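Visitor: The following block contains the structure, expressed as structure tokens.
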Amino acid sequence: MSFEDDLRAALRREPAPENFAAEILRRSHKQTPRRRLFLLPLAAVLATAALIPPALQYRDHHRAIEARDQLAMALTITQSELEHTRQKIRANVRHRQ
Amino acid sequence: MKIALILLAAALPALSQQTFDFKSLDKLGARAKETTNISLEGDTLKMATSFLGGDQDSSFVKNLKAVHVRSFEFDKEGQYDAKDLAPVRAYIKSLNWAKIVDVKEQSESTEIYLQAPQNNKPGGLAVVSAEATEVTVIFISGIGSLSDLAKLQGNLGVPSFTLDHGGKKAEDSKKD
């Protein structure tokens, strides 16, 4: 036999086994949920991880603004209290005079 | 052994100056109609100062170490116990700050204590004001220079801060 005959014999068309299509479908159904099970949490973790830095940045920014407003209020109260005391002292001095 | 004794001796003044929990004053305001509780220290204070605009004013706040304000306004007289102010007075006394103002009237008293900044050591200011229907305690440490104090003493008024990001102006923040 020639090489060509050998090749032709090796490549000759053969019918698929009877349950070939069913087996393919069975395996594909079996693999999909497993992949999903793995991918869904991974996607969730990645999405959450992507949200963390902006969330932290927003929180810090919000805290800083709150602290700044508190500081401004504290200094305003201080000034007001000092001014009030100064007026009291002036009134006392005038009263004595 | 000698070194340990020297270190202990050096640490004694610091240990004697215990810190004061300003939150303990909050009980004064149990029956107050208006309450202001502000405590800013450490990182929070740094954050606050970093968000203040206005160059000349930020130089005033950059040295601040702690800012505590407790202010309570009452509907009528006798709604707070003046004895509750004793611990904060004792604390300020322990700091050996100079009492520069002591005004006493019938049912009112105002004390102002001052630690002037010297030898690169920041100073401080404390106010304890007890009126018939209003109590205010202010404690500020980390005042960098006497000119900073002048800003607080009314001549220049409280710095008019430029708020960078959508906040309200300092002048608007306290209702008179």
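Convention: chains lettered A, B, ... in structure tokens order; per-chain residue numbering from 1; ligands numbered from 1 as shown.
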Write out as a CSV table (one decimal) with N, CA and C atoms, in the first residue's frame which residues come within 9 Å of B:Ser24 when counting only C-alpha atoms, dropping same-chain ones fewer than 4 positions away.
Guide:
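Once written, out.csv looks like this:
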chain,number,residue,atom,x,y,z
B,20,PHE,N,-7.4,66.1,79.9
B,20,PHE,CA,-8.8,66.2,80.4
B,20,PHE,C,-9.7,65.7,79.4
B,28,LEU,N,-23.3,68.8,81.4
B,28,LEU,CA,-23.7,70.2,81.7
B,28,LEU,C,-24.9,70.6,80.8
B,84,ASP,N,-20.2,71.4,88.2
B,84,ASP,CA,-19.7,70.5,87.1
B,84,ASP,C,-18.5,71.2,86.3
Visitor: Provide as a PDB file with N, CA and C atoms, in the first residue's frame the residues of chain A at most 7 Å from chain B, counting only C-alpha atoms.
Guide:
ATOM      1  N   ALA A  64     -13.476  65.797  56.337  1.00  0.00           N
ATOM      2  CA  ALA A  64     -12.645  67.001  56.358  1.00  0.00           C
ATOM      3  C   ALA A  64     -13.512  68.258  56.309  1.00  0.00           C
ATOM      4  N   ILE A  65     -14.543  68.226  55.489  1.00  0.00           N
ATOM      5  CA  ILE A  65     -15.435  69.390  55.387  1.00  0.00           C
ATOM      6  C   ILE A  65     -16.170  69.597  56.713  1.00  0.00           C
ATOM      7  N   ALA A  67     -15.115  68.671  59.666  1.00  0.00           N
ATOM      8  CA  ALA A  67     -14.134  69.143  60.648  1.00  0.00           C
ATOM      9  C   ALA A  67     -13.820  70.618  60.429  1.00  0.00           C
ATOM     10  N   ARG A  68     -13.702  71.010  59.166  1.00  0.00           N
ATOM     11  CA  ARG A  68     -13.417  72.415  58.848  1.00  0.00           C
ATOM     12  C   ARG A  68     -14.544  73.332  59.333  1.00  0.00           C
ATOM     13  N   GLN A  70     -16.565  72.700  61.750  1.00  0.00           N
ATOM     14  CA  GLN A  70     -16.526  72.709  63.219  1.00  0.00           C
ATOM     15  C   GLN A  70     -15.445  73.653  63.725  1.00  0.00           C
ATOM     16  N   LEU A  71     -14.289  73.623  63.057  1.00  0.00           N
ATOM     17  CA  LEU A  71     -13.194  74.509  63.467  1.00  0.00           C
ATOM     18  C   LEU A  71     -13.598  75.966  63.280  1.00  0.00           C
ATOM     19  N   ALA A  72     -14.208  76.263  62.166  1.00  0.00           N
ATOM     20  CA  ALA A  72     -14.657  77.633  61.909  1.00  0.00           C
ATOM     21  C   ALA A  72     -15.664  78.065  62.975  1.00  0.00           C
ATOM     22  N   MET A  73     -16.551  77.143  63.341  1.00  0.00           N
ATOM     23  CA  MET A  73     -17.546  77.477  64.362  1.00  0.00           C
ATOM     24  C   MET A  73     -16.866  77.677  65.729  1.00  0.00           C
ATOM     25  N   ALA A  74     -15.903  76.814  66.049  1.00  0.00           N
ATOM     26  CA  ALA A  74     -15.196  76.926  67.329  1.00  0.00           C
ATOM     27  C   ALA A  74     -14.499  78.282  67.440  1.00  0.00           C
ATOM     28  N   LEU A  75     -13.856  78.704  66.367  1.00  0.00           N
ATOM     29  CA  LEU A  75     -13.143  79.982  66.391  1.00  0.00           C
ATOM     30  C   LEU A  75     -14.119  81.158  66.452  1.00  0.00           C
ATOM     31  N   THR A  76     -15.246  80.992  65.821  1.00  0.00           N
ATOM     32  CA  THR A  76     -16.257  82.052  65.874  1.00  0.00           C
ATOM     33  C   THR A  76     -16.801  82.199  67.295  1.00  0.00           C
ATOM     34  N   THR A  78     -15.253  81.360  69.997  1.00  0.00           N
ATOM     35  CA  THR A  78     -14.164  81.908  70.815  1.00  0.00           C
ATOM     36  C   THR A  78     -14.113  83.425  70.683  1.00  0.00           C
ATOM     37  N   GLN A  79     -14.139  83.882  69.449  1.00  0.00           N
ATOM     38  CA  GLN A  79     -14.080  85.326  69.215  1.00  0.00           C
ATOM     39  C   GLN A  79     -15.273  86.013  69.867  1.00  0.00           C
ATOM     40  N   LEU A  82     -14.784  86.131  73.636  1.00  0.00           N
ATOM     41  CA  LEU A  82     -13.777  87.129  74.028  1.00  0.00           C
ATOM     42  C   LEU A  82     -14.348  88.543  73.906  1.00  0.00           C
ATOM     43  N   GLU A  83     -15.093  88.747  72.847  1.00  0.00           N
ATOM     44  CA  GLU A  83     -15.701  90.062  72.634  1.00  0.00           C
ATOM     45  C   GLU A  83     -16.728  90.350  73.734  1.00  0.00           C
TER      46      GLU A  83
END
Visitor: Could you check the closest approach to B:Thr19 for each of B:Tyr91, B:Tyr80, B:Phe60, B:Phe74 and tell me which residue wins, using only C-alpha atoms?
Guide: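 Ranking B:Tyr91, B:Tyr80, B:Phe60, B:Phe74 by distance to B:Thr19, first place goes to B:Tyr91.
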